[in-house]
Amino acid sequence: MRRTTLIALTFASSSIFALMGIVLAEDGANDVLPPGSVSTAEGLQAWKRIEAVVTHPRCANCHVDAQAIPIWTPAGESKPRVHGMNIHGGESRIGAETIPCSTCHVTSTAPNDPAPAPLHAGIDWQLAPVEFIWFGKSGAEICTQLKDPKRNGGRDAAGLLEHLRHDASLSGFIPRAWAPGAGRTTPPGTFEDHVKDMALWGAAGQPCPD
């Protein structure tokens with residue numbers, strides 16, 4: 001009975017990832033392209049597509065500054081605004097000082113429900129580290145930050161790919177940007193497209209627009 005249940009759970013998890021268009025890997029090593037194998041021009045084109053993803057509300061709304069006030073874009077709206085209900089992430093970035101993010105955004109690997117049900121992920125809900133500010137930043141500013149190990153968690157180009165794959169293996173926030181539940185907008189492309197673009201950008205030397 002236990003074996004049957006385990007098989008069923010494994011199949012269900014695989015189905016969720018398949019619906020998201022995610023190819024799981026232990027790390028991002030298989031995604032890495034040889035340095036210099038992509039031209040600067042191609043790298044900048046890849047960055048344009050990356051920029052369209054990281055500046056999308058689904059990605060940028062939780063990459064906020066030290067004030068730790070999350071942003072949201074309710075279903076049916078197109079402009080981001082301050083999260084309702086006076087939510088504050090606090091210094092902890094998880095709302096521990098006030099109302100924990102997990103009060104509404106539960107930890108679950110199940111698919112997201114249609115809006116307006118709260119989003120969830122396979123890891124505990126939280127704001128991105130304060131060094132990773134994206135909301136309100138230009139694409140050029142985010143590009144510079146994303147390739148700076150001092151502001152991206154100590155990652156080089158290969159490390160950024162590993163980060164994407166690791167997050168996906170946990171059914172984390174990144175892949176779920178493309179599977180937020182019916183009624184919500186998603187970034188352009190797919191998660192796999194984003195991984196490929198990050199690999200192209202990295203192989204080109206992580207060029208940034210002027």
# chains A, B, ... in the order shown; residues from 1 in each chain; ligands from 1
>>> closest_atom_pairs(of="segment 44-126 of chain A", to="segment 135-145 of chain A", cutoff="12 Å", atoms="only C-alpha atoms", output="tab-separated table")
residue	atom	partner	partner_atom	distance
A:Leu44	CA	A:Cys143	CA	10.4
A:Ala46	CA	A:Cys143	CA	11.5
A:Trp47	CA	A:Cys143	CA	7.9
A:Lys48	CA	A:Gly139	CA	8.3
A:Arg49	CA	A:Gly139	CA	10.5
A:Ile50	CA	A:Cys143	CA	9.1
A:Glu51	CA	A:Gly139	CA	5.7
A:Ala52	CA	A:Gly139	CA	8.4
A:Val53	CA	A:Gly139	CA	10.2
A:Val54	CA	A:Ile142	CA	8.3
A:Thr55	CA	A:Phe135	CA	7.2
A:His56	CA	A:Phe135	CA	9.2
A:Pro57	CA	A:Phe135	CA	8.3
A:Arg58	CA	A:Phe135	CA	10.7
A:Cys59	CA	A:Phe135	CA	8.8
A:Ala60	CA	A:Phe135	CA	5.0
A:Asn61	CA	A:Phe135	CA	6.1
A:Cys62	CA	A:Phe135	CA	7.7
A:His63	CA	A:Phe135	CA	5.7
A:Val64	CA	A:Phe135	CA	5.6
A:Asp65	CA	A:Phe135	CA	7.9
A:Ala66	CA	A:Phe135	CA	11.7
A:Ala68	CA	A:Phe135	CA	11.4
A:Ile69	CA	A:Phe135	CA	10.9
A:Pro70	CA	A:Phe135	CA	9.6
A:Ile71	CA	A:Phe135	CA	8.5
A:Trp72	CA	A:Phe135	CA	10.9
A:Pro80	CA	A:Phe135	CA	9.6
A:Arg81	CA	A:Phe135	CA	10.9
A:Val82	CA	A:Phe135	CA	11.4
>>> write_last_selection(atoms="N, CA, C and O atoms", output="tab-separated table (two decimals), in the first residue's frame")
chain	number	residue	atom	x	y	z
A	44	LEU	N	23.11	39.85	-25.95
A	44	LEU	CA	22.24	41.00	-25.67
A	44	LEU	C	20.79	40.71	-26.07
A	44	LEU	O	19.86	41.15	-25.40
A	46	ALA	N	19.49	37.72	-25.98
A	46	ALA	CA	19.02	36.84	-24.90
A	46	ALA	C	18.66	37.66	-23.67
A	46	ALA	O	17.66	37.39	-23.00
A	47	TRP	N	19.48	38.69	-23.37
A	47	TRP	CA	19.18	39.52	-22.20
A	47	TRP	C	17.84	40.23	-22.35
A	47	TRP	O	17.09	40.35	-21.38
A	48	LYS	N	17.51	40.68	-23.54
A	48	LYS	CA	16.22	41.34	-23.74
A	48	LYS	C	15.07	40.44	-23.33
A	48	LYS	O	14.09	40.89	-22.73
A	49	ARG	N	15.20	39.15	-23.67
A	49	ARG	CA	14.15	38.20	-23.29
A	49	ARG	C	14.18	37.93	-21.79
A	49	ARG	O	13.13	37.80	-21.15
A	50	ILE	N	15.39	37.86	-21.22
A	50	ILE	CA	15.51	37.68	-19.76
A	50	ILE	C	14.89	38.87	-19.04
A	50	ILE	O	14.16	38.73	-18.06
A	51	GLU	N	15.20	40.06	-19.53
A	51	GLU	CA	14.67	41.29	-18.93
A	51	GLU	C	13.14	41.29	-18.91
A	51	GLU	O	12.52	41.71	-17.92
A	52	ALA	N	12.54	40.82	-19.99
A	52	ALA	CA	11.08	40.78	-20.05
A	52	ALA	C	10.51	39.85	-18.99
A	52	ALA	O	9.38	40.04	-18.51
A	53	VAL	N	11.29	38.86	-18.59
A	53	VAL	CA	10.86	37.92	-17.54
A	53	VAL	C	11.06	38.54	-16.15
A	53	VAL	O	10.13	38.60	-15.35
A	54	VAL	N	12.27	39.00	-15.86
A	54	VAL	CA	12.57	39.45	-14.50
A	54	VAL	C	11.88	40.76	-14.13
A	54	VAL	O	11.75	41.08	-12.94
A	55	THR	N	11.44	41.52	-15.12
A	55	THR	CA	10.70	42.76	-14.81
A	55	THR	C	9.19	42.53	-14.82
A	55	THR	O	8.44	43.45	-14.50
A	56	HIS	N	8.77	41.33	-15.16
A	56	HIS	CA	7.33	41.02	-15.13
A	56	HIS	C	6.87	40.99	-13.67
A	56	HIS	O	7.61	40.54	-12.79
A	57	PRO	N	5.66	41.49	-13.38
A	57	PRO	CA	5.18	41.52	-11.99
A	57	PRO	C	5.26	40.17	-11.28
A	57	PRO	O	5.50	40.11	-10.07
A	58	ARG	N	5.08	39.08	-12.02
A	58	ARG	CA	5.12	37.76	-11.40
A	58	ARG	C	6.49	37.49	-10.79
A	58	ARG	O	6.62	36.69	-9.85
A	59	CYS	N	7.53	38.13	-11.31
A	59	CYS	CA	8.89	37.92	-10.81
A	59	CYS	C	9.37	39.08	-9.93
A	59	CYS	O	10.03	38.86	-8.92
A	60	ALA	N	9.07	40.30	-10.35
A	60	ALA	CA	9.64	41.47	-9.67
A	60	ALA	C	8.92	41.87	-8.39
A	60	ALA	O	9.51	42.53	-7.53
A	61	ASN	N	7.68	41.48	-8.23
A	61	ASN	CA	6.87	42.00	-7.12
A	61	ASN	C	7.40	41.64	-5.74
A	61	ASN	O	7.09	42.30	-4.75
A	62	CYS	N	8.16	40.54	-5.63
A	62	CYS	CA	8.72	40.16	-4.33
A	62	CYS	C	10.21	40.48	-4.22
A	62	CYS	O	10.84	40.17	-3.21
A	63	HIS	N	10.77	41.11	-5.26
A	63	HIS	CA	12.16	41.55	-5.22
A	63	HIS	C	12.16	43.04	-4.86
A	63	HIS	O	12.46	43.89	-5.70
A	64	VAL	N	11.85	43.33	-3.60
A	64	VAL	CA	11.68	44.71	-3.17
A	64	VAL	C	12.82	45.15	-2.25
A	64	VAL	O	13.65	44.34	-1.84
A	65	ASP	N	12.83	46.43	-1.91
A	65	ASP	CA	13.93	47.01	-1.14
A	65	ASP	C	13.84	46.69	0.35
A	65	ASP	O	13.02	45.87	0.78
A	66	ALA	N	14.67	47.37	1.14
A	66	ALA	CA	14.78	47.09	2.57
A	66	ALA	C	13.50	47.42	3.35
A	66	ALA	O	13.35	46.95	4.48
A	68	ALA	N	10.79	46.21	2.70
A	68	ALA	CA	10.16	44.88	2.75
A	68	ALA	C	8.65	44.93	2.59
A	68	ALA	O	7.93	44.14	3.21
A	69	ILE	N	8.18	45.84	1.78
A	69	ILE	CA	6.74	45.92	1.51
A	69	ILE	C	6.49	45.24	0.16
A	69	ILE	O	6.89	45.76	-0.88
A	70	PRO	N	5.86	44.07	0.17
A	70	PRO	CA	5.64	43.37	-1.10
A	70	PRO	C	4.67	44.10	-2.00
A	70	PRO	O	3.83	44.87	-1.54
A	71	ILE	N	4.81	43.84	-3.27
A	71	ILE	CA	3.95	44.43	-4.29
A	71	ILE	C	3.07	43.32	-4.85
A	71	ILE	O	3.46	42.15	-4.87
A	72	TRP	N	1.88	43.68	-5.27
A	72	TRP	CA	1.07	42.67	-5.95
A	72	TRP	C	0.34	43.28	-7.13
A	72	TRP	O	0.20	44.50	-7.25
A	80	PRO	N	1.20	47.06	-11.03
A	80	PRO	CA	1.54	46.63	-9.67
A	80	PRO	C	1.17	47.71	-8.65
A	80	PRO	O	1.19	48.90	-8.95
A	81	ARG	N	0.80	47.28	-7.45
A	81	ARG	CA	0.57	48.23	-6.35
A	81	ARG	C	0.95	47.55	-5.04
A	81	ARG	O	1.20	46.34	-5.00
A	82	VAL	N	1.01	48.35	-3.98
A	82	VAL	CA	1.40	47.81	-2.68
A	82	VAL	C	0.44	46.70	-2.26
A	82	VAL	O	-0.77	46.80	-2.45
>>> residues_around(residues="Ala115 of chain A", least_positions_apart="2", cutoff="12 Å", atoms="only C-alpha atoms", output="short mmCIF file (atom, residue, chain, number, x, y, z; two decimals) with N, CA and C atoms, in the first residue's frame")
data_model
loop_
_atom_site.label_atom_id
_atom_site.label_comp_id
_atom_site.auth_asym_id
_atom_site.auth_seq_id
_atom_site.Cartn_x
_atom_site.Cartn_y
_atom_site.Cartn_z
N THR A 73 -0.08 42.40 -8.02
CA THR A 73 -0.86 42.80 -9.19
C THR A 73 -2.09 41.89 -9.21
N PRO A 74 -3.19 42.34 -8.60
CA PRO A 74 -4.38 41.49 -8.51
C PRO A 74 -4.88 41.03 -9.87
N ALA A 75 -5.53 39.90 -9.89
CA ALA A 75 -6.10 39.36 -11.13
C ALA A 75 -7.01 40.40 -11.77
N GLY A 76 -6.86 40.55 -13.07
CA GLY A 76 -7.67 41.51 -13.79
C GLY A 76 -7.06 42.89 -13.89
N GLU A 77 -5.93 43.11 -13.16
CA GLU A 77 -5.24 44.40 -13.20
C GLU A 77 -3.90 44.22 -13.89
N ASN A 112 -1.08 25.68 -8.38
CA ASN A 112 -1.75 26.86 -7.86
C ASN A 112 -3.21 26.87 -8.28
N ASP A 113 -4.05 27.33 -7.37
CA ASP A 113 -5.47 27.43 -7.65
C ASP A 113 -5.76 28.70 -8.43
N ALA A 117 -7.35 32.92 -5.23
CA ALA A 117 -6.72 32.10 -4.19
C ALA A 117 -5.24 32.46 -4.08
N PRO A 118 -4.68 32.51 -2.86
CA PRO A 118 -3.27 32.88 -2.69
C PRO A 118 -2.34 31.91 -3.42
N LEU A 119 -1.29 32.46 -3.97
CA LEU A 119 -0.26 31.64 -4.61
C LEU A 119 0.49 30.83 -3.55
N HIS A 120 1.07 29.71 -3.97
CA HIS A 120 1.92 28.95 -3.06
C HIS A 120 3.04 28.29 -3.85
N ALA A 179 3.14 29.23 -13.92
CA ALA A 179 2.00 28.39 -13.54
C ALA A 179 1.34 28.98 -12.29
N PRO A 180 0.89 30.24 -12.36
CA PRO A 180 0.37 30.92 -11.16
C PRO A 180 -1.10 30.63 -10.86
N GLY A 181 -1.74 29.83 -11.67
CA GLY A 181 -3.17 29.59 -11.50
C GLY A 181 -3.96 30.43 -12.48
N ALA A 182 -5.07 29.90 -12.91
CA ALA A 182 -5.89 30.57 -13.92
C ALA A 182 -6.28 31.98 -13.48
N GLY A 183 -6.31 32.89 -14.44
CA GLY A 183 -6.72 34.27 -14.17
C GLY A 183 -5.57 35.21 -13.90
N ARG A 184 -4.33 34.69 -13.88
CA ARG A 184 -3.16 35.53 -13.63
C ARG A 184 -2.27 35.55 -14.87
N THR A 185 -1.61 36.68 -15.08
CA THR A 185 -0.69 36.79 -16.20
C THR A 185 0.62 36.07 -15.90
#
>>> residues_around(residues="Cys104 of chain A", least_positions_apart="5", cutoff="12 Å", atoms="only C-alpha atoms", output="list of chain:residue names")
A:Met85, A:Ile87, A:Ile94, A:Gly95, A:Ile99, A:Pro116, A:Ala117, A:Pro118, A:Leu119, A:His120, A:Ala121, A:Asp124, A:Trp125, A:Gln126
>>> select_by_dssp(residues="segment 29-181 of chain A", states="alpha helix (DSSP H)", output="number ranges by chain")
A: 40-54, 57-60, 139-146, 157-169, 173-176
>>> write_last_selection(atoms="N, CA and C atoms", output="tab-separated table (two decimals), in the first residue's frame")
chain	number	residue	atom	x	y	z
A	40	THR	N	28.41	38.53	-28.53
A	40	THR	CA	27.86	39.57	-27.67
A	40	THR	C	26.49	40.00	-28.14
A	41	ALA	N	26.32	40.12	-29.46
A	41	ALA	CA	25.02	40.53	-30.01
A	41	ALA	C	23.94	39.53	-29.64
A	42	GLU	N	24.26	38.23	-29.76
A	42	GLU	CA	23.29	37.19	-29.39
A	42	GLU	C	23.02	37.21	-27.89
A	43	GLY	N	24.07	37.50	-27.12
A	43	GLY	CA	23.90	37.58	-25.68
A	43	GLY	C	22.98	38.73	-25.28
A	44	LEU	N	23.11	39.85	-25.95
A	44	LEU	CA	22.24	41.00	-25.67
A	44	LEU	C	20.79	40.71	-26.07
A	45	GLN	N	20.61	39.96	-27.16
A	45	GLN	CA	19.26	39.56	-27.54
A	45	GLN	C	18.66	38.63	-26.49
A	46	ALA	N	19.49	37.72	-25.98
A	46	ALA	CA	19.02	36.84	-24.90
A	46	ALA	C	18.66	37.66	-23.67
A	47	TRP	N	19.48	38.69	-23.37
A	47	TRP	CA	19.18	39.52	-22.20
A	47	TRP	C	17.84	40.23	-22.35
A	48	LYS	N	17.51	40.68	-23.54
A	48	LYS	CA	16.22	41.34	-23.74
A	48	LYS	C	15.07	40.44	-23.33
A	49	ARG	N	15.20	39.15	-23.67
A	49	ARG	CA	14.15	38.20	-23.29
A	49	ARG	C	14.18	37.93	-21.79
A	50	ILE	N	15.39	37.86	-21.22
A	50	ILE	CA	15.51	37.68	-19.76
A	50	ILE	C	14.89	38.87	-19.04
A	51	GLU	N	15.20	40.06	-19.53
A	51	GLU	CA	14.67	41.29	-18.93
A	51	GLU	C	13.14	41.29	-18.91
A	52	ALA	N	12.54	40.82	-19.99
A	52	ALA	CA	11.08	40.78	-20.05
A	52	ALA	C	10.51	39.85	-18.99
A	53	VAL	N	11.29	38.86	-18.59
A	53	VAL	CA	10.86	37.92	-17.54
A	53	VAL	C	11.06	38.54	-16.15
A	54	VAL	N	12.27	39.00	-15.86
A	54	VAL	CA	12.57	39.45	-14.50
A	54	VAL	C	11.88	40.76	-14.13
A	57	PRO	N	5.66	41.49	-13.38
A	57	PRO	CA	5.18	41.52	-11.99
A	57	PRO	C	5.26	40.17	-11.28
A	58	ARG	N	5.08	39.08	-12.02
A	58	ARG	CA	5.12	37.76	-11.40
A	58	ARG	C	6.49	37.49	-10.79
A	59	CYS	N	7.53	38.13	-11.31
A	59	CYS	CA	8.89	37.92	-10.81
A	59	CYS	C	9.37	39.08	-9.93
A	60	ALA	N	9.07	40.30	-10.35
A	60	ALA	CA	9.64	41.47	-9.67
A	60	ALA	C	8.92	41.87	-8.39
A	139	GLY	N	16.05	47.58	-16.71
A	139	GLY	CA	16.65	46.34	-17.15
A	139	GLY	C	18.17	46.36	-17.06
A	140	ALA	N	18.77	47.50	-17.40
A	140	ALA	CA	20.23	47.62	-17.32
A	140	ALA	C	20.72	47.48	-15.88
A	141	GLU	N	19.98	48.05	-14.93
A	141	GLU	CA	20.37	47.96	-13.52
A	141	GLU	C	20.26	46.52	-13.02
A	142	ILE	N	19.20	45.83	-13.42
A	142	ILE	CA	19.02	44.44	-13.00
A	142	ILE	C	20.10	43.57	-13.63
A	143	CYS	N	20.44	43.83	-14.87
A	143	CYS	CA	21.49	43.07	-15.55
A	143	CYS	C	22.81	43.17	-14.79
A	144	THR	N	23.18	44.38	-14.42
A	144	THR	CA	24.42	44.60	-13.68
A	144	THR	C	24.39	43.88	-12.34
A	145	GLN	N	23.25	43.93	-11.67
A	145	GLN	CA	23.11	43.26	-10.38
A	145	GLN	C	23.17	41.74	-10.52
A	146	LEU	N	22.50	41.22	-11.55
A	146	LEU	CA	22.37	39.78	-11.69
A	146	LEU	C	23.71	39.10	-11.97
A	157	ALA	N	27.95	32.62	-13.89
A	157	ALA	CA	26.91	32.29	-14.87
A	157	ALA	C	26.40	30.86	-14.68
A	158	ALA	N	27.31	29.92	-14.44
A	158	ALA	CA	26.90	28.53	-14.22
A	158	ALA	C	26.09	28.40	-12.93
A	159	GLY	N	26.48	29.17	-11.92
A	159	GLY	CA	25.76	29.14	-10.65
A	159	GLY	C	24.33	29.64	-10.77
A	160	LEU	N	24.11	30.61	-11.64
A	160	LEU	CA	22.75	31.11	-11.87
A	160	LEU	C	21.88	30.02	-12.50
A	161	LEU	N	22.45	29.26	-13.43
A	161	LEU	CA	21.70	28.15	-14.02
A	161	LEU	C	21.40	27.07	-12.99
A	162	GLU	N	22.39	26.79	-12.14
A	162	GLU	CA	22.18	25.81	-11.07
A	162	GLU	C	21.06	26.28	-10.13
A	163	HIS	N	21.03	27.58	-9.86
A	163	HIS	CA	19.98	28.15	-9.00
A	163	HIS	C	18.60	27.92	-9.61
A	164	LEU	N	18.46	28.12	-10.92
A	164	LEU	CA	17.18	27.91	-11.59
A	164	LEU	C	16.75	26.46	-11.47
A	165	ARG	N	17.66	25.54	-11.75
A	165	ARG	CA	17.33	24.12	-11.70
A	165	ARG	C	17.02	23.64	-10.28
A	166	HIS	N	17.79	24.14	-9.31
A	166	HIS	CA	17.55	23.75	-7.92
A	166	HIS	C	16.18	24.22	-7.46
A	167	ASP	N	15.84	25.47	-7.79
A	167	ASP	CA	14.53	25.99	-7.40
A	167	ASP	C	13.42	25.16	-8.04
A	168	ALA	N	13.61	24.79	-9.30
A	168	ALA	CA	12.59	23.99	-9.99
A	168	ALA	C	12.44	22.61	-9.35
A	169	SER	N	13.55	22.03	-8.88
A	169	SER	CA	13.48	20.71	-8.26
A	169	SER	C	12.67	20.73	-6.97
A	173	PHE	N	9.63	29.13	-6.43
A	173	PHE	CA	8.98	30.34	-6.96
A	173	PHE	C	9.22	30.54	-8.46
A	174	ILE	N	10.42	30.24	-8.93
A	174	ILE	CA	10.79	30.61	-10.30
A	174	ILE	C	9.92	29.91	-11.34
A	175	PRO	N	9.86	28.58	-11.35
A	175	PRO	CA	9.03	27.95	-12.39
A	175	PRO	C	7.55	28.26	-12.23
A	176	ARG	N	7.11	28.52	-11.01
A	176	ARG	CA	5.69	28.78	-10.79
A	176	ARG	C	5.25	30.14	-11.32
>>> select_by_dssp(residues="segment 36-121 of chain A", states="strand (DSSP E or B)", output="ChimeraX atom specification")
/A:71-72,81-82,107,121
>>> closest_residue(among="A:His83, A:Leu127, A:Thr109, A:Asp31", to="His194 of chain A", atoms="only C-alpha atoms")
A:Asp31
>>> atom_distance(atom1="atom CA of Gly172 of chain A", atom2="atom CA of Ile123 of chain A")
5.6 Å
